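Have a look at the structure below, then the notes.
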Amino acid sequence: NHLPVLIRKIISIPAGSSVASFYYTVTNKSEEVLDTIFGIDFVFTLLAGDNPDRHYYIPGYEDIDKRMCSKGALEGVSEVQAIDDWMASKIVYNFSHPCNLWRYPLETVSQSESGIERTYQGSAIFPNWHVYLEPGKKWAVKIDQEIFSW
């Protein structure tokens, strides 16, 4: 079933700041209830998917596979960090509403002398939310992305 929806995205990066803020608003423009999943993907590379110097940190989920080449789905996530200890930097994402977080590697597939080979190219996170809106109602989320180095 197709319903008319207005999605607005605003990006704000204050002068001199290391934070990029992404504001999303979803408005149900139909006469029916909107019951859907809304999500955004963020893609980055820390160059080594299986190196312990490059890893995820997700508060409250210390027992997960932290490698950048790992994949999985988590519920109730408010923050995720992609840490590069070798380059002394990290990317931190904060969500104004706890999200369902999917993470997965980006890989290329090629034929080599030893057979089919998968090569890590980068990582993706996909924060997503269940959105339930009555006709004419709005839902909004803010995502802050900050890059740190030390």
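Going through the structure tokens in order, the chains are called A, B, and so on, while each chain numbers its residues from 1 and the ligands are numbered from 1 in the order shown.
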Checklist line | Contacts of Met68 of chain A within 12 Å, only C-alpha atoms, excl. fewer than 3 positions in-chain, as number ranges by chain | finding: A: 43-57, 64-65, 71-72, 81-84, 103-107, 120-125
Those residues you just picked out, can you put them in a file as a compact mmCIF listing (two decimals), in the first residue's frame with N, CA, C and O atoms?
```
# COMPACT_ATOMS: atom_id res chain seq x y z
N VAL A 43 27.97 5.18 5.92
CA VAL A 43 29.02 4.32 5.41
C VAL A 43 30.37 5.00 5.64
O VAL A 43 30.52 6.20 5.40
N PHE A 44 31.35 4.23 6.11
CA PHE A 44 32.68 4.77 6.38
C PHE A 44 33.68 3.63 6.30
O PHE A 44 33.31 2.46 6.27
N THR A 45 34.96 3.97 6.25
CA THR A 45 35.98 2.94 6.29
C THR A 45 37.08 3.34 7.26
O THR A 45 37.48 4.50 7.33
N LEU A 46 37.50 2.36 8.04
CA LEU A 46 38.66 2.53 8.91
C LEU A 46 39.79 1.62 8.41
O LEU A 46 40.73 1.32 9.14
N LEU A 47 39.67 1.19 7.16
CA LEU A 47 40.69 0.51 6.36
C LEU A 47 40.98 -0.94 6.71
O LEU A 47 41.51 -1.65 5.88
N ALA A 48 40.66 -1.40 7.88
CA ALA A 48 40.96 -2.79 8.24
C ALA A 48 39.79 -3.38 9.01
O ALA A 48 39.58 -3.05 10.17
N GLY A 49 39.06 -4.25 8.37
CA GLY A 49 37.85 -4.80 8.99
C GLY A 49 38.09 -5.77 10.12
O GLY A 49 37.23 -5.95 10.97
N ASP A 50 39.25 -6.43 10.12
CA ASP A 50 39.50 -7.49 11.08
C ASP A 50 40.62 -7.16 12.06
O ASP A 50 41.08 -8.00 12.81
N ASN A 51 41.09 -5.93 12.07
CA ASN A 51 42.19 -5.51 12.93
C ASN A 51 41.64 -5.04 14.28
O ASN A 51 40.74 -4.20 14.32
N PRO A 52 42.18 -5.53 15.40
CA PRO A 52 41.65 -5.12 16.72
C PRO A 52 41.86 -3.63 17.03
O PRO A 52 41.22 -3.10 17.93
N ASP A 53 42.73 -2.95 16.29
CA ASP A 53 42.93 -1.50 16.48
C ASP A 53 41.75 -0.68 15.95
O ASP A 53 41.64 0.51 16.23
N ARG A 54 40.88 -1.32 15.17
CA ARG A 54 39.72 -0.64 14.59
C ARG A 54 38.49 -1.45 14.97
O ARG A 54 38.37 -2.62 14.61
N HIS A 55 37.58 -0.81 15.70
CA HIS A 55 36.47 -1.58 16.27
C HIS A 55 35.29 -0.69 16.61
O HIS A 55 35.41 0.53 16.69
N TYR A 56 34.16 -1.34 16.83
CA TYR A 56 32.96 -0.67 17.32
C TYR A 56 32.96 -0.62 18.84
O TYR A 56 33.46 -1.53 19.50
N TYR A 57 32.35 0.41 19.38
CA TYR A 57 31.99 0.45 20.79
C TYR A 57 30.55 0.94 20.85
O TYR A 57 30.22 2.02 20.33
N ILE A 64 29.41 -7.90 22.20
CA ILE A 64 29.22 -8.18 20.77
C ILE A 64 30.56 -8.33 20.06
O ILE A 64 31.61 -7.98 20.61
N ASP A 65 30.52 -8.83 18.85
CA ASP A 65 31.70 -8.86 17.98
C ASP A 65 31.98 -7.41 17.59
O ASP A 65 31.17 -6.77 16.93
N LYS A 71 28.82 -8.16 11.64
CA LYS A 71 27.46 -7.77 11.30
C LYS A 71 26.54 -8.19 12.42
O LYS A 71 26.84 -9.11 13.19
N GLY A 72 25.43 -7.48 12.52
CA GLY A 72 24.48 -7.82 13.56
C GLY A 72 23.38 -6.78 13.67
O GLY A 72 23.41 -5.75 13.00
N GLN A 81 30.02 4.03 18.32
CA GLN A 81 31.32 4.61 18.01
C GLN A 81 32.08 3.67 17.10
O GLN A 81 32.09 2.45 17.31
N ALA A 82 32.73 4.24 16.10
CA ALA A 82 33.68 3.51 15.26
C ALA A 82 35.05 4.06 15.61
O ALA A 82 35.35 5.22 15.35
N ILE A 83 35.87 3.23 16.25
CA ILE A 83 37.14 3.69 16.84
C ILE A 83 38.32 3.16 16.02
O ILE A 83 38.37 1.98 15.67
N ASP A 84 39.25 4.06 15.74
CA ASP A 84 40.49 3.71 15.05
C ASP A 84 41.65 4.09 15.97
O ASP A 84 42.11 5.24 15.97
N ARG A 103 24.36 -3.36 11.61
CA ARG A 103 25.72 -3.04 11.16
C ARG A 103 26.19 -4.18 10.27
O ARG A 103 25.84 -5.35 10.50
N TYR A 104 26.98 -3.82 9.26
CA TYR A 104 27.44 -4.83 8.31
C TYR A 104 28.64 -4.30 7.54
O TYR A 104 28.82 -3.09 7.38
N PRO A 105 29.49 -5.22 7.05
CA PRO A 105 30.64 -4.80 6.26
C PRO A 105 30.24 -4.58 4.80
O PRO A 105 29.27 -5.17 4.32
N LEU A 106 30.98 -3.75 4.10
CA LEU A 106 30.86 -3.61 2.66
C LEU A 106 32.04 -4.38 2.08
O LEU A 106 33.20 -4.13 2.43
N GLU A 107 31.75 -5.32 1.20
CA GLU A 107 32.79 -6.19 0.67
C GLU A 107 32.66 -6.31 -0.85
O GLU A 107 31.56 -6.23 -1.38
N TYR A 120 37.18 -6.84 2.37
CA TYR A 120 36.56 -5.75 3.15
C TYR A 120 36.88 -4.40 2.49
O TYR A 120 38.03 -4.11 2.18
N GLN A 121 35.85 -3.58 2.30
CA GLN A 121 36.01 -2.24 1.73
C GLN A 121 35.62 -1.14 2.71
O GLN A 121 36.10 -0.03 2.62
N GLY A 122 34.71 -1.44 3.62
CA GLY A 122 34.24 -0.43 4.56
C GLY A 122 33.16 -1.02 5.45
O GLY A 122 32.90 -2.22 5.43
N SER A 123 32.54 -0.15 6.23
CA SER A 123 31.50 -0.56 7.18
C SER A 123 30.28 0.32 7.01
O SER A 123 30.39 1.48 6.59
N ALA A 124 29.14 -0.23 7.36
CA ALA A 124 27.90 0.54 7.31
C ALA A 124 27.12 0.30 8.59
O ALA A 124 27.12 -0.79 9.14
N ILE A 125 26.48 1.37 9.05
CA ILE A 125 25.50 1.24 10.12
C ILE A 125 24.18 1.75 9.57
O ILE A 125 24.15 2.65 8.71
```
Check: Could you write out, as number ranges by chain, all the residues of chain A that DSSP marks as strand (DSSP E or B)?
Finding: A: 5-12, 19-28, 34-39, 42-44, 54-57, 67, 72-84, 89-112, 115-133, 138-149
Take the residues from that selection and write them out as a compact mmCIF listing (two decimals), in the first residue's frame, keeping C-alpha atoms.
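Below is the file that was written, selection13.txt:
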```txt
# COMPACT_ATOMS: atom_id res chain seq x y z
CA VAL A 5 4.64 10.96 3.00
CA LEU A 6 6.74 14.09 3.35
CA ILE A 7 10.32 13.51 4.48
CA ARG A 8 12.42 16.53 5.35
CA LYS A 9 16.17 16.39 6.01
CA ILE A 10 18.17 19.28 7.43
CA ILE A 11 21.94 19.12 7.93
CA SER A 12 23.55 21.55 10.35
CA VAL A 19 29.55 17.89 14.91
CA ALA A 20 27.27 17.40 11.94
CA SER A 21 23.60 17.20 12.98
CA PHE A 22 21.07 15.47 10.75
CA TYR A 23 17.41 16.31 11.42
CA TYR A 24 14.74 14.13 9.81
CA THR A 25 11.01 14.74 9.92
CA VAL A 26 8.44 12.29 8.54
CA THR A 27 4.90 13.61 8.02
CA ASN A 28 1.99 11.34 7.17
CA LEU A 34 1.34 5.03 8.38
CA ASP A 35 3.04 1.99 9.91
CA THR A 36 6.59 1.64 8.57
CA ILE A 37 10.31 1.45 9.26
CA PHE A 38 12.42 4.60 8.77
CA GLY A 39 16.19 4.36 8.59
CA PHE A 42 26.03 5.77 7.23
CA VAL A 43 29.02 4.32 5.41
CA PHE A 44 32.68 4.77 6.38
CA ARG A 54 39.72 -0.64 14.59
CA HIS A 55 36.47 -1.58 16.27
CA TYR A 56 32.96 -0.67 17.32
CA TYR A 57 31.99 0.45 20.79
CA ARG A 67 35.31 -5.94 14.54
CA GLY A 72 24.48 -7.82 13.56
CA ALA A 73 21.29 -6.18 14.77
CA LEU A 74 20.78 -4.53 18.15
CA GLU A 75 17.79 -2.88 19.82
CA GLY A 76 17.60 0.26 21.96
CA VAL A 77 20.87 1.82 20.79
CA SER A 78 21.44 5.52 21.60
CA GLU A 79 25.11 5.75 20.60
CA VAL A 80 27.61 3.94 18.41
CA GLN A 81 31.32 4.61 18.01
CA ALA A 82 33.68 3.51 15.26
CA ILE A 83 37.14 3.69 16.84
CA ASP A 84 40.49 3.71 15.05
CA SER A 89 40.44 8.93 15.92
CA LYS A 90 36.82 7.90 16.19
CA ILE A 91 33.42 8.65 14.69
CA VAL A 92 30.58 8.92 17.21
CA TYR A 93 26.87 8.77 16.32
CA ASN A 94 24.23 9.82 18.86
CA PHE A 95 20.51 9.30 18.26
CA SER A 96 17.79 11.44 19.85
CA HIS A 97 15.59 8.31 20.08
CA PRO A 98 17.00 4.83 20.77
CA CYS A 99 17.09 2.91 17.50
CA ASN A 100 17.36 -0.56 16.12
CA LEU A 101 20.90 -0.67 14.77
CA TRP A 102 22.01 -2.91 11.94
CA ARG A 103 25.72 -3.04 11.16
CA TYR A 104 27.44 -4.83 8.31
CA PRO A 105 30.64 -4.80 6.26
CA LEU A 106 30.86 -3.61 2.66
CA GLU A 107 32.79 -6.19 0.67
CA THR A 108 33.79 -6.86 -2.90
CA VAL A 109 33.77 -10.36 -4.32
CA SER A 110 36.41 -11.47 -6.81
CA GLN A 111 37.82 -14.61 -8.37
CA SER A 112 41.39 -15.46 -7.35
CA GLY A 115 38.67 -19.37 -5.55
CA ILE A 116 36.07 -16.77 -4.67
CA GLU A 117 37.45 -14.10 -2.34
CA ARG A 118 35.65 -11.45 -0.27
CA THR A 119 37.57 -8.25 0.45
CA TYR A 120 36.56 -5.75 3.15
CA GLN A 121 36.01 -2.24 1.73
CA GLY A 122 34.24 -0.43 4.56
CA SER A 123 31.50 -0.56 7.18
CA ALA A 124 27.90 0.54 7.31
CA ILE A 125 25.50 1.24 10.12
CA PHE A 126 21.77 1.50 9.56
CA PRO A 127 19.92 3.07 12.51
CA ASN A 128 16.19 2.52 12.05
CA TRP A 129 12.95 3.13 13.90
CA HIS A 130 9.43 1.76 13.79
CA VAL A 131 7.26 4.75 12.86
CA TYR A 132 3.51 4.66 13.48
CA LEU A 133 1.70 7.86 12.49
CA LYS A 138 4.78 14.04 12.33
CA TRP A 139 7.69 12.07 13.69
CA ALA A 140 11.22 13.47 14.04
CA VAL A 141 14.70 12.27 14.91
CA LYS A 142 18.08 13.98 15.28
CA ILE A 143 21.38 12.21 14.62
CA ASP A 144 24.66 13.82 15.66
CA GLN A 145 27.86 12.68 13.98
CA GLU A 146 31.12 13.81 15.55
CA ILE A 147 34.70 13.02 14.58
CA PHE A 148 37.34 13.05 17.32
CA SER A 149 41.10 12.69 17.18
```
